[in-house]
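K.L.:
Following this message is one structure expressed as structure tokens.
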Amino acid sequence: METDEARRIKALQDYRVLDTAAEEVFDSITELASAIFKTPIALVSLIDEHRQWFKSKVGLEVSETPRSVAFCDHAIRANETMVVPDATQDPRFKNNPLVVNEPFVRFYCGVPLRTPEGHNLGTLCLIDKKPRTISERERRGLEALARQVEAGLEMRRRLVLLEESLETQRATQQSRELLASMLVHDLRGPLTTITLIASGLHTEGPALEQDLEDLVLEAERSQRMLTDVLDICLYGLGQLRLRRVRLVAGPLLTAVARRVAARARVRKQTVRVEPSTEDLNLDADPELLGRVIENLLTNAMQHGPVGGEIVASASRVNGSVRFEVRDQGKPLSPEARVAVFAPFESGAGPHGSHGMRNVGLGLTFCRMAVEAHGGRVAVEPGASGGNCFFVELPIDASA
């Protein structure tokens, strides 16, 4: 029987990042972490069977160490952010070669990097040569940056899969042009915002904290968009692979709504999740399904009125789990309810049925991801006005 550790090592190999050069996205995160938290060393560390090696590093010369001496190995086993204020006072580490000798580790803080299935691949970590502490706010900031590393690793996995698929299938010039237009269309806005925010990160104090929060939100938005594009391409090539696990609908919906609520507050909107009266279990890919829900919530936020409310719910309907996202925007026409799931559609009229141009690819991704699960996604008029976007996925009758 395959052990949890064997599954973890297999998951690491699936990301195809072993011994490859560090991409700029990981380097920018470690550099940012080192600057913000004022530590001489920041690392993206991945734990292999017998070693830890560094996908990206700031302030450290070596590229790997034995797993037996790795602080990060303890962090992934703890399955939560691990803080060591002074390694010389910690029985686990006081005789560790990395403490006794170079780089003379004293302070350590590591956030596990998880796959969508929950396997810990490694950590984003901070190291200092003198004892120190980390505040709760700083810890949350580091965890937010760790989410960016996770998203980068996941996109890397998808890119490799897409490249392999294109090598075995003839890609037409038309498909290449479509991919280019998708990238330009959906990523121009958020990437411009990221550049502007990053250029102002020389500030200090509360202003820096707000800049970091804005940067993380925009980075998450652009990464979600890019991953949507990659998955649309993989779906068209028949290579969109579901990684199903047993999950409960309510907690997933609540977690996604909490992430979107931070962006909604900018428009003075509220996101409310109606409590479910029962545990709704289903077999689904948590990363894909979470992104479907996030796209529907983001769509409602972008096209609903300033100050409006977005309501999300999960329920059991005719042997399926039904997720609903209800907005207060202008109701879609019957024709637009179908067209809105096509690429770049925005509904009828010069500004779309929602009053805005360019819905983009988010809803197209939703349709493809839900269909890959054997479910359906659609939109109908809301009971109290607006629109009700819903997803119905098959549920195990024994659940």
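So you can find residues: chains in the structure tokens are A, B, ... in the order shown, residues in each start at 1, and ligands are numbered from 1 in order.
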Near Ile29 of chain A, within 8 Å and counting only C-alpha atoms, which residues show up once chain neighbours fewer than 3 positions away are dropped, as a list in words?

P.N.:
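Surrounding residues, per the criterion: Val25, Phe26, Leu32, Ala33, Leu145, Gln148 and Val149 of chain A.
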
K.L.:
Could you give me, as an MDAnalysis selection string, the residues within 8 Å of segment 76-88 of chain A, counting only C-alpha atoms and dropping anything in the same chain fewer than 2 positions from it?

P.N.:
chainID A and resid 72:74 90:91 93:95 99 105:112 120:123 130:134 143

K.L.:
Using only C-alpha atoms, find the one residue out of A:Asp228, A:Asp283, A:Glu371, A:Glu380 that sits nearest to Pro331 of chain A.

P.N.:
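Ranked by minimum distance to Pro331 of chain A, first place goes to A:Glu380.
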
K.L.:
Work out how far apart atom CA of Pro343 of chain A and atom CA of Pro286 of chain A are and give it in Å to one decimal.

P.N.:
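Computing the Euclidean distance for atom CA of Pro343 of chain A and atom CA of Pro286 of chain A yields 23.6 Å.
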
K.L.:
May I ask for the distance between atom CA of Lys57 of chain A and atom CA of Arg291 of chain A, given in Å to one decimal place?

P.N.:
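Pair atom CA of Lys57 of chain A / atom CA of Arg291 of chain A returns 29.6 Å.
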
K.L.:
Per DSSP on the backbone, filter segment 69-171 of chain A down to the residues in strand (DSSP E or B) and report them as a list in words.

P.N.:
Met82, Val83, Val84, Phe107, Tyr108, Cys109, Gly110, Val111, Pro112, Leu113, Arg114, Asn120, Leu121, Gly122, Thr123, Leu124, Cys125, Leu126, Ile127 and Asp128 of chain A

K.L.:
Could those selected residues go to a file with C-alpha atoms, as a compact mmCIF listing (two decimals), in the first residue's frame?

P.N.:
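Printed below is result_10.txt as written:
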```txt
# COMPACT_ATOMS: atom_id res chain seq x y z
CA MET A 82 6.85 26.74 11.94
CA VAL A 83 8.68 29.46 13.90
CA VAL A 84 12.00 28.91 15.71
CA PHE A 107 15.81 32.44 13.64
CA TYR A 108 13.74 30.31 11.24
CA CYS A 109 10.18 30.71 9.93
CA GLY A 110 8.87 28.30 7.27
CA VAL A 111 5.46 28.05 5.59
CA PRO A 112 4.65 24.67 3.98
CA LEU A 113 3.98 24.75 0.23
CA ARG A 114 0.99 22.51 -0.49
CA ASN A 120 3.59 19.39 1.36
CA LEU A 121 6.32 19.85 -1.26
CA GLY A 122 8.60 22.16 0.73
CA THR A 123 8.51 25.64 2.25
CA LEU A 124 8.90 29.34 1.73
CA CYS A 125 11.18 30.22 4.63
CA LEU A 126 13.01 33.10 6.30
CA ILE A 127 16.34 32.67 8.11
CA ASP A 128 18.25 35.12 10.29
```

K.L.:
Using only C-alpha atoms, which residue out of A:Gln239, A:Arg147, A:Ile41, A:Arg244 lies closest to Arg259 of chain A?

P.N.:
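For Arg259 of chain A, the nearest of the candidates is A:Arg147.
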
K.L.:
For a quick check of understanding, using only C-alpha atoms, which of A:Pro251, A:Ser56, A:Asn295, A:Ser45 has the smallest distance to Pro275 of chain A?

P.N.:
A:Pro251

K.L.:
Hey, can you check how far atom CA of Asp327 of chain A sits from atom CA of Ile293 of chain A?

P.N.:
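According to the coordinates, atom CA of Asp327 of chain A and atom CA of Ile293 of chain A are separated by 13.4 Å.
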
K.L.:
Choose the residue, out of A:Leu142, A:Ala6, A:Ala339, A:Cys388, that has the smallest atom-to-atom separation from Leu43 of chain A; count only C-alpha atoms.

P.N.:
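Nearest candidate to Leu43 of chain A out of A:Leu142, A:Ala6, A:Ala339, A:Cys388: A:Leu142.
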
K.L.:
My list of candidates is A:Lys330, A:Val273, A:Leu289, A:Gly308. Which is closest to Val377 of chain A when distances are computed with only C-alpha atoms?

P.N.:
A:Leu289
